[in-house]
Amino acid sequence: MRTALILLRKDLRLELRTLETVPAMVLFALVTIVIFHFGLNQNAIDGQLAAGVLTVTVLFAAMLGINRLFVAEREQGGFDAFLLAPVDRTAMLVAKAAALFLFLAALEVIAVPAFGLFLLGPSLGPPLPGLILVLALADLGLAVIGTLVSAIAVHTRARDLIGPMLGLPLLIPALIATARAAGPLLAAGHPASTPPTRWLEILALYDVVFALLAYAVFDFLLED
Amino acid sequence: MVDEPPAIELRGLARYFGERTALRDLSLRVPAGTTLAVLGRNGAGKSTLLRILASLLRPHAGEVLVFGEPLPRRGFAVRAKLGLLSHEPLLYRELTGRENLRYHARLHRVDFDRVEEVLRAVQMERRADDPVRLLSRGMVQRLAVCRAVLHRPRLLLLDEPRANLDPAAGDLVEPLIGRVSGATRVLTSHDPRAALAEADLVLALRDGRTAFLGDPGTLSDAQITELYA
């Protein structure tokens, strides 16, 4: 855990210094919301449609962060420097997943209110606590899968293509569970105050399974 | 009394990249505290050998022992004892020199006093708070030397260690990576005569095979010329 914190601190410092990832994710999400606004030709959406639009927006914006997650390690020798240190290699998985989780949280702090302002019909206030819970579980899955996919893609020449091609199919179950869990929260008229437990459980199970899978294979991804 | 194992022992080492053979049937022993110069043309296998010794590459055949520990199986035990100075400085360009070294110090559990000590040794204290991307190549190389020796490694793997350094800067890094450091050293150089002057043992590689292994005094000028022809 100590090593993971060292790596996480370095990653956050690099992002604050360069502002290469989070601003791009936020801008992408805002543009996507505007495109949905005009593409759907509706001033306000709700329920399952709103949940689907929000989930897809976050998912596509996340792909930008996933593609850039290991760029500094590959281009500036960070992999070699880390592998030369007498530390547990799984620390890099934990640190990168934590960094991506924080990037996604920062994205949503801006993108969700913008979604509520420009596209969502019902007020965002009442469903917000439930929505935060759903998005937190979704972000966890995105962070774990994203780190795994990014670690695979970064060693390939077509890494910008490999990331989405591997990541998006793997993330479909999380996309379904997130949209189904958020849908009742965003319904017009009488929205649910809490997300459906069944979909939350599926999302949590998905997170646990892929976290264990990532833990099992990550060391091999760092090998030559 | 137990004999100290050699710093490096290779037995029939081979490494391939697809169809291409980078190293084959390489065997040698390097006693602790000595310097091995690895010579050969570009692509002869010098950097591959250094990366295998650093546990960054897996050998495809043969045995590699560093301080008696087999690689890559015991890589974790070996990594704390070795320092690698490669073609890449392994520093983040957007971080300052001091931030980079403190990051490595944390990974190696070295206190920050040591960071200041090595910065002073290479006279980089005054530029240590500049981002690495703003520094000259020589300054970056001095920081890379600091990174490689930060944790006082017993084995130094030095790939063209004086690249980009002027003579004055070369003198500055000498106590850290030169013979006086007391570490076992494996070094490559684009200047074979400079490398030979520092070496106790010479390994010359041609197409990944041993072309010469022995005392530097027994390597003739004609052999050196032929090696780089």
# chains A, B, ... in the order shown; residues from 1 in each chain; ligands from 1
call {"tool": "interface_residues", "arguments": {"of": "chain A", "to": "chain B", "cutoff": "9 Å", "atoms": "only C-alpha atoms", "output": "list of chain:residue names"}}
result
A:Thr3, A:Ile6, A:Leu7, A:Lys10, A:Arg13, A:Leu14, A:Arg17, A:Thr18, A:Ala72, A:Glu73, A:Gln76, A:Gly77, A:Gly78, A:Phe79, A:Asp80, A:Ala81, A:Phe82, A:Leu83, A:Leu84, A:Ala85, A:Pro86, A:Val87, A:Asp88, A:Glu223, A:Asp224
call {"tool": "write_last_selection", "arguments": {"atoms": "N, CA and C atoms", "output": "mmCIF file, in the first residue's frame"}}
result
data_model
loop_
_atom_site.group_PDB
_atom_site.id
_atom_site.type_symbol
_atom_site.label_atom_id
_atom_site.label_comp_id
_atom_site.auth_asym_id
_atom_site.auth_seq_id
_atom_site.Cartn_x
_atom_site.Cartn_y
_atom_site.Cartn_z
ATOM 1 N N THR A 3 3.833 1.631 -1.375
ATOM 2 C CA THR A 3 4.353 1.850 -2.725
ATOM 3 C C THR A 3 3.268 2.407 -3.632
ATOM 4 N N ILE A 6 2.950 6.033 -3.105
ATOM 5 C CA ILE A 6 4.071 6.766 -3.728
ATOM 6 C C ILE A 6 3.785 6.978 -5.225
ATOM 7 N N LEU A 7 3.339 5.913 -5.880
ATOM 8 C CA LEU A 7 3.059 5.992 -7.316
ATOM 9 C C LEU A 7 1.860 6.903 -7.594
ATOM 10 N N LYS A 10 2.804 10.500 -7.311
ATOM 11 C CA LYS A 10 3.561 10.910 -8.508
ATOM 12 C C LYS A 10 2.618 11.122 -9.693
ATOM 13 N N ARG A 13 0.611 14.313 -9.234
ATOM 14 C CA ARG A 13 1.488 15.467 -9.428
ATOM 15 C C ARG A 13 1.742 15.702 -10.926
ATOM 16 N N LEU A 14 1.973 14.623 -11.662
ATOM 17 C CA LEU A 14 2.184 14.743 -13.111
ATOM 18 C C LEU A 14 0.940 15.302 -13.800
ATOM 19 N N ARG A 17 0.566 18.939 -13.070
ATOM 20 C CA ARG A 17 1.608 19.699 -13.761
ATOM 21 C C ARG A 17 1.283 19.849 -15.251
ATOM 22 N N THR A 18 0.730 18.792 -15.853
ATOM 23 C CA THR A 18 0.544 18.807 -17.310
ATOM 24 C C THR A 18 -0.900 19.105 -17.727
ATOM 25 N N ALA A 72 3.094 8.155 -19.829
ATOM 26 C CA ALA A 72 4.330 8.676 -19.220
ATOM 27 C C ALA A 72 5.275 7.536 -18.850
ATOM 28 N N GLU A 73 4.734 6.407 -18.415
ATOM 29 C CA GLU A 73 5.596 5.273 -18.043
ATOM 30 C C GLU A 73 6.316 4.727 -19.270
ATOM 31 N N GLN A 76 8.688 7.798 -20.943
ATOM 32 C CA GLN A 76 9.738 8.408 -20.129
ATOM 33 C C GLN A 76 10.435 7.403 -19.216
ATOM 34 N N GLY A 77 10.287 6.137 -19.538
ATOM 35 C CA GLY A 77 11.038 5.115 -18.803
ATOM 36 C C GLY A 77 10.489 4.783 -17.432
ATOM 37 N N GLY A 78 9.255 5.183 -17.170
ATOM 38 C CA GLY A 78 8.680 4.921 -15.845
ATOM 39 C C GLY A 78 8.539 3.439 -15.534
ATOM 40 N N PHE A 79 8.256 2.642 -16.569
ATOM 41 C CA PHE A 79 8.143 1.195 -16.350
ATOM 42 C C PHE A 79 9.468 0.629 -15.842
ATOM 43 N N ASP A 80 10.554 0.935 -16.563
ATOM 44 C CA ASP A 80 11.868 0.401 -16.179
ATOM 45 C C ASP A 80 12.251 0.872 -14.781
ATOM 46 N N ALA A 81 12.046 2.155 -14.520
ATOM 47 C CA ALA A 81 12.418 2.697 -13.210
ATOM 48 C C ALA A 81 11.662 1.967 -12.103
ATOM 49 N N PHE A 82 10.382 1.717 -12.329
ATOM 50 C CA PHE A 82 9.575 1.021 -11.328
ATOM 51 C C PHE A 82 10.025 -0.431 -11.176
ATOM 52 N N LEU A 83 10.285 -1.085 -12.324
ATOM 53 C CA LEU A 83 10.678 -2.500 -12.274
ATOM 54 C C LEU A 83 12.048 -2.698 -11.647
ATOM 55 N N LEU A 84 12.867 -1.657 -11.630
ATOM 56 C CA LEU A 84 14.189 -1.752 -11.009
ATOM 57 C C LEU A 84 14.127 -1.609 -9.485
ATOM 58 N N ALA A 85 13.005 -1.163 -8.978
ATOM 59 C CA ALA A 85 12.889 -0.952 -7.534
ATOM 60 C C ALA A 85 12.437 -2.247 -6.840
ATOM 61 N N PRO A 86 12.920 -2.469 -5.635
ATOM 62 C CA PRO A 86 12.530 -3.698 -4.912
ATOM 63 C C PRO A 86 11.155 -3.545 -4.258
ATOM 64 N N VAL A 87 10.124 -3.499 -5.099
ATOM 65 C CA VAL A 87 8.758 -3.287 -4.598
ATOM 66 C C VAL A 87 7.806 -4.280 -5.260
ATOM 67 N N ASP A 88 6.649 -4.441 -4.637
ATOM 68 C CA ASP A 88 5.618 -5.327 -5.173
ATOM 69 C C ASP A 88 5.022 -4.694 -6.432
ATOM 70 N N GLU A 223 5.886 -7.928 -17.516
ATOM 71 C CA GLU A 223 7.061 -8.676 -17.982
ATOM 72 C C GLU A 223 7.411 -8.264 -19.394
ATOM 73 N N ASP A 224 8.670 -8.527 -19.808
ATOM 74 C CA ASP A 224 9.066 -8.195 -21.181
ATOM 75 C C ASP A 224 8.357 -9.096 -22.167
#
call {"tool": "residues_around", "arguments": {"residues": "Ile35 in chain A", "least_positions_apart": "4", "cutoff": "12 Å", "atoms": "only C-alpha atoms", "output": "list in words"}}
result
Phe28, Ala29, Leu30, Val31, Gly39, Leu40, Asn41, Gln42, Asn43, Val53, Thr57, Phe115, Phe118 and Leu119 of chain A
call {"tool": "write_last_selection", "arguments": {"atoms": "C-alpha atoms", "output": "short mmCIF file (atom, residue, chain, number, x, y, z; two decimals), in the first residue's frame"}}
result
data_model
loop_
_atom_site.label_atom_id
_atom_site.label_comp_id
_atom_site.auth_asym_id
_atom_site.auth_seq_id
_atom_site.Cartn_x
_atom_site.Cartn_y
_atom_site.Cartn_z
CA PHE A 28 -15.18 15.51 -24.29
CA ALA A 29 -18.07 14.83 -21.89
CA LEU A 30 -19.46 18.36 -22.23
CA VAL A 31 -19.31 18.19 -26.02
CA GLY A 39 -29.02 14.67 -31.79
CA LEU A 40 -32.04 13.59 -29.74
CA ASN A 41 -33.81 16.85 -30.64
CA GLN A 42 -35.19 17.04 -27.09
CA ASN A 43 -34.77 19.75 -24.49
CA VAL A 53 -27.01 8.94 -22.14
CA THR A 57 -21.01 9.86 -21.94
CA PHE A 115 -25.96 16.92 -17.72
CA PHE A 118 -28.62 20.93 -20.25
CA LEU A 119 -30.36 17.60 -20.77
#
call {"tool": "closest_residue", "arguments": {"among": "A:Ile110, A:Ala153, A:Leu102, A:Ile176", "to": "Thr55 in chain A", "atoms": "only C-alpha atoms"}}
result
A:Ile176
call {"tool": "atom_distance", "arguments": {"atom1": "CA of Ala111 in chain A", "atom2": "CA of Val58 in chain A"}}
result
8.2 Å
call {"tool": "atom_distance", "arguments": {"atom1": "CA of Gly40 in chain B", "atom2": "CA of Ala204 in chain B"}}
result
5.6 Å
call {"tool": "decode", "arguments": {"residues": "range 25-137 of chain A", "atoms": "C-alpha atoms", "output": "PDB file, in the first residue's frame"}}
result
ATOM      1  CA  MET A  25     -12.098  14.054 -20.456  1.00  0.00           C
ATOM      2  CA  VAL A  26     -14.271  16.908 -19.156  1.00  0.00           C
ATOM      3  CA  LEU A  27     -14.322  18.737 -22.489  1.00  0.00           C
ATOM      4  CA  PHE A  28     -15.185  15.513 -24.293  1.00  0.00           C
ATOM      5  CA  ALA A  29     -18.075  14.830 -21.893  1.00  0.00           C
ATOM      6  CA  LEU A  30     -19.460  18.357 -22.234  1.00  0.00           C
ATOM      7  CA  VAL A  31     -19.314  18.193 -26.025  1.00  0.00           C
ATOM      8  CA  THR A  32     -21.011  14.784 -25.954  1.00  0.00           C
ATOM      9  CA  ILE A  33     -23.846  16.156 -23.802  1.00  0.00           C
ATOM     10  CA  VAL A  34     -24.345  18.999 -26.294  1.00  0.00           C
ATOM     11  CA  ILE A  35     -24.316  16.520 -29.192  1.00  0.00           C
ATOM     12  CA  PHE A  36     -26.939  14.361 -27.460  1.00  0.00           C
ATOM     13  CA  HIS A  37     -29.003  17.513 -26.855  1.00  0.00           C
ATOM     14  CA  PHE A  38     -29.148  18.267 -30.563  1.00  0.00           C
ATOM     15  CA  GLY A  39     -29.015  14.669 -31.794  1.00  0.00           C
ATOM     16  CA  LEU A  40     -32.038  13.588 -29.744  1.00  0.00           C
ATOM     17  CA  ASN A  41     -33.814  16.845 -30.636  1.00  0.00           C
ATOM     18  CA  GLN A  42     -35.195  17.040 -27.091  1.00  0.00           C
ATOM     19  CA  ASN A  43     -34.767  19.747 -24.488  1.00  0.00           C
ATOM     20  CA  ALA A  44     -35.251  17.342 -21.591  1.00  0.00           C
ATOM     21  CA  ILE A  45     -34.923  13.592 -21.153  1.00  0.00           C
ATOM     22  CA  ASP A  46     -35.590  11.348 -18.154  1.00  0.00           C
ATOM     23  CA  GLY A  47     -35.707   7.772 -16.900  1.00  0.00           C
ATOM     24  CA  GLN A  48     -33.862   5.021 -18.715  1.00  0.00           C
ATOM     25  CA  LEU A  49     -32.957   7.222 -21.696  1.00  0.00           C
ATOM     26  CA  ALA A  50     -31.321   9.796 -19.419  1.00  0.00           C
ATOM     27  CA  ALA A  51     -29.452   7.083 -17.535  1.00  0.00           C
ATOM     28  CA  GLY A  52     -28.207   5.584 -20.807  1.00  0.00           C
ATOM     29  CA  VAL A  53     -27.011   8.943 -22.140  1.00  0.00           C
ATOM     30  CA  LEU A  54     -25.173   9.748 -18.895  1.00  0.00           C
ATOM     31  CA  THR A  55     -23.535   6.310 -18.712  1.00  0.00           C
ATOM     32  CA  VAL A  56     -22.400   6.332 -22.348  1.00  0.00           C
ATOM     33  CA  THR A  57     -21.006   9.864 -21.940  1.00  0.00           C
ATOM     34  CA  VAL A  58     -18.952   8.865 -18.902  1.00  0.00           C
ATOM     35  CA  LEU A  59     -17.809   5.638 -20.563  1.00  0.00           C
ATOM     36  CA  PHE A  60     -16.540   7.343 -23.732  1.00  0.00           C
ATOM     37  CA  ALA A  61     -14.857  10.135 -21.762  1.00  0.00           C
ATOM     38  CA  ALA A  62     -13.200   7.466 -19.604  1.00  0.00           C
ATOM     39  CA  MET A  63     -11.622   5.923 -22.719  1.00  0.00           C
ATOM     40  CA  LEU A  64      -9.534   9.079 -23.135  1.00  0.00           C
ATOM     41  CA  GLY A  65      -8.132   8.661 -19.628  1.00  0.00           C
ATOM     42  CA  ILE A  66      -7.613   4.930 -20.129  1.00  0.00           C
ATOM     43  CA  ASN A  67      -5.597   5.507 -23.310  1.00  0.00           C
ATOM     44  CA  ARG A  68      -3.288   7.975 -21.555  1.00  0.00           C
ATOM     45  CA  LEU A  69      -2.904   6.099 -18.271  1.00  0.00           C
ATOM     46  CA  PHE A  70       0.514   4.553 -18.981  1.00  0.00           C
ATOM     47  CA  VAL A  71       1.841   6.999 -21.576  1.00  0.00           C
ATOM     48  CA  ALA A  72       4.330   8.676 -19.220  1.00  0.00           C
ATOM     49  CA  GLU A  73       5.596   5.273 -18.043  1.00  0.00           C
ATOM     50  CA  ARG A  74       6.176   4.098 -21.614  1.00  0.00           C
ATOM     51  CA  GLU A  75       7.600   7.305 -23.076  1.00  0.00           C
ATOM     52  CA  GLN A  76       9.738   8.408 -20.129  1.00  0.00           C
ATOM     53  CA  GLY A  77      11.038   5.115 -18.803  1.00  0.00           C
ATOM     54  CA  GLY A  78       8.680   4.921 -15.845  1.00  0.00           C
ATOM     55  CA  PHE A  79       8.143   1.195 -16.350  1.00  0.00           C
ATOM     56  CA  ASP A  80      11.868   0.401 -16.179  1.00  0.00           C
ATOM     57  CA  ALA A  81      12.418   2.697 -13.210  1.00  0.00           C
ATOM     58  CA  PHE A  82       9.575   1.021 -11.328  1.00  0.00           C
ATOM     59  CA  LEU A  83      10.678  -2.500 -12.274  1.00  0.00           C
ATOM     60  CA  LEU A  84      14.189  -1.752 -11.009  1.00  0.00           C
ATOM     61  CA  ALA A  85      12.889  -0.952  -7.534  1.00  0.00           C
ATOM     62  CA  PRO A  86      12.530  -3.698  -4.912  1.00  0.00           C
ATOM     63  CA  VAL A  87       8.758  -3.287  -4.598  1.00  0.00           C
ATOM     64  CA  ASP A  88       5.618  -5.327  -5.173  1.00  0.00           C
ATOM     65  CA  ARG A  89       4.594  -4.873  -8.811  1.00  0.00           C
ATOM     66  CA  THR A  90       0.889  -5.037  -7.976  1.00  0.00           C
ATOM     67  CA  ALA A  91       1.339  -1.590  -6.430  1.00  0.00           C
ATOM     68  CA  MET A  92       1.278  -0.157  -9.945  1.00  0.00           C
ATOM     69  CA  LEU A  93      -2.147  -1.709 -10.609  1.00  0.00           C
ATOM     70  CA  VAL A  94      -3.535  -0.243  -7.380  1.00  0.00           C
ATOM     71  CA  ALA A  95      -1.996   3.192  -8.021  1.00  0.00           C
ATOM     72  CA  LYS A  96      -3.097   3.439 -11.651  1.00  0.00           C
ATOM     73  CA  ALA A  97      -6.634   2.236 -10.862  1.00  0.00           C
ATOM     74  CA  ALA A  98      -6.838   4.744  -7.988  1.00  0.00           C
ATOM     75  CA  ALA A  99      -5.593   7.549 -10.247  1.00  0.00           C
ATOM     76  CA  LEU A 100      -8.169   6.674 -12.924  1.00  0.00           C
ATOM     77  CA  PHE A 101     -10.904   6.490 -10.273  1.00  0.00           C
ATOM     78  CA  LEU A 102      -9.993   9.997  -9.086  1.00  0.00           C
ATOM     79  CA  PHE A 103      -9.867  11.281 -12.681  1.00  0.00           C
ATOM     80  CA  LEU A 104     -13.370   9.876 -13.266  1.00  0.00           C
ATOM     81  CA  ALA A 105     -14.644  11.434 -10.035  1.00  0.00           C
ATOM     82  CA  ALA A 106     -13.228  14.809 -11.123  1.00  0.00           C
ATOM     83  CA  LEU A 107     -14.894  14.379 -14.514  1.00  0.00           C
ATOM     84  CA  GLU A 108     -18.262  13.624 -12.943  1.00  0.00           C
ATOM     85  CA  VAL A 109     -18.104  16.582 -10.558  1.00  0.00           C
ATOM     86  CA  ILE A 110     -18.415  18.760 -13.678  1.00  0.00           C
ATOM     87  CA  ALA A 111     -20.166  16.501 -16.200  1.00  0.00           C
ATOM     88  CA  VAL A 112     -23.105  15.392 -14.004  1.00  0.00           C
ATOM     89  CA  PRO A 113     -24.247  18.938 -13.089  1.00  0.00           C
ATOM     90  CA  ALA A 114     -23.818  19.916 -16.756  1.00  0.00           C
ATOM     91  CA  PHE A 115     -25.958  16.918 -17.724  1.00  0.00           C
ATOM     92  CA  GLY A 116     -28.584  18.005 -15.164  1.00  0.00           C
ATOM     93  CA  LEU A 117     -28.536  21.546 -16.498  1.00  0.00           C
ATOM     94  CA  PHE A 118     -28.616  20.929 -20.248  1.00  0.00           C
ATOM     95  CA  LEU A 119     -30.358  17.602 -20.773  1.00  0.00           C
ATOM     96  CA  LEU A 120     -32.065  16.126 -17.708  1.00  0.00           C
ATOM     97  CA  GLY A 121     -35.763  16.921 -17.253  1.00  0.00           C
ATOM     98  CA  PRO A 122     -36.277  16.099 -13.531  1.00  0.00           C
ATOM     99  CA  SER A 123     -34.315  17.941 -10.885  1.00  0.00           C
ATOM    100  CA  LEU A 124     -30.916  16.411 -10.107  1.00  0.00           C
ATOM    101  CA  GLY A 125     -31.145  17.192  -6.366  1.00  0.00           C
ATOM    102  CA  PRO A 126     -33.292  14.328  -4.980  1.00  0.00           C
ATOM    103  CA  PRO A 127     -31.626  11.441  -6.864  1.00  0.00           C
ATOM    104  CA  LEU A 128     -28.088  12.737  -6.321  1.00  0.00           C
ATOM    105  CA  PRO A 129     -27.075  10.544  -3.307  1.00  0.00           C
ATOM    106  CA  GLY A 130     -28.239   7.389  -5.090  1.00  0.00           C
ATOM    107  CA  LEU A 131     -26.602   8.513  -8.323  1.00  0.00           C
ATOM    108  CA  ILE A 132     -23.293   9.091  -6.532  1.00  0.00           C
ATOM    109  CA  LEU A 133     -23.408   5.522  -5.196  1.00  0.00           C
ATOM    110  CA  VAL A 134     -24.130   4.091  -8.672  1.00  0.00           C
ATOM    111  CA  LEU A 135     -21.401   6.167 -10.326  1.00  0.00           C
ATOM    112  CA  ALA A 136     -18.873   5.264  -7.611  1.00  0.00           C
ATOM    113  CA  LEU A 137     -19.416   1.553  -8.273  1.00  0.00           C
TER     114      LEU A 137
END
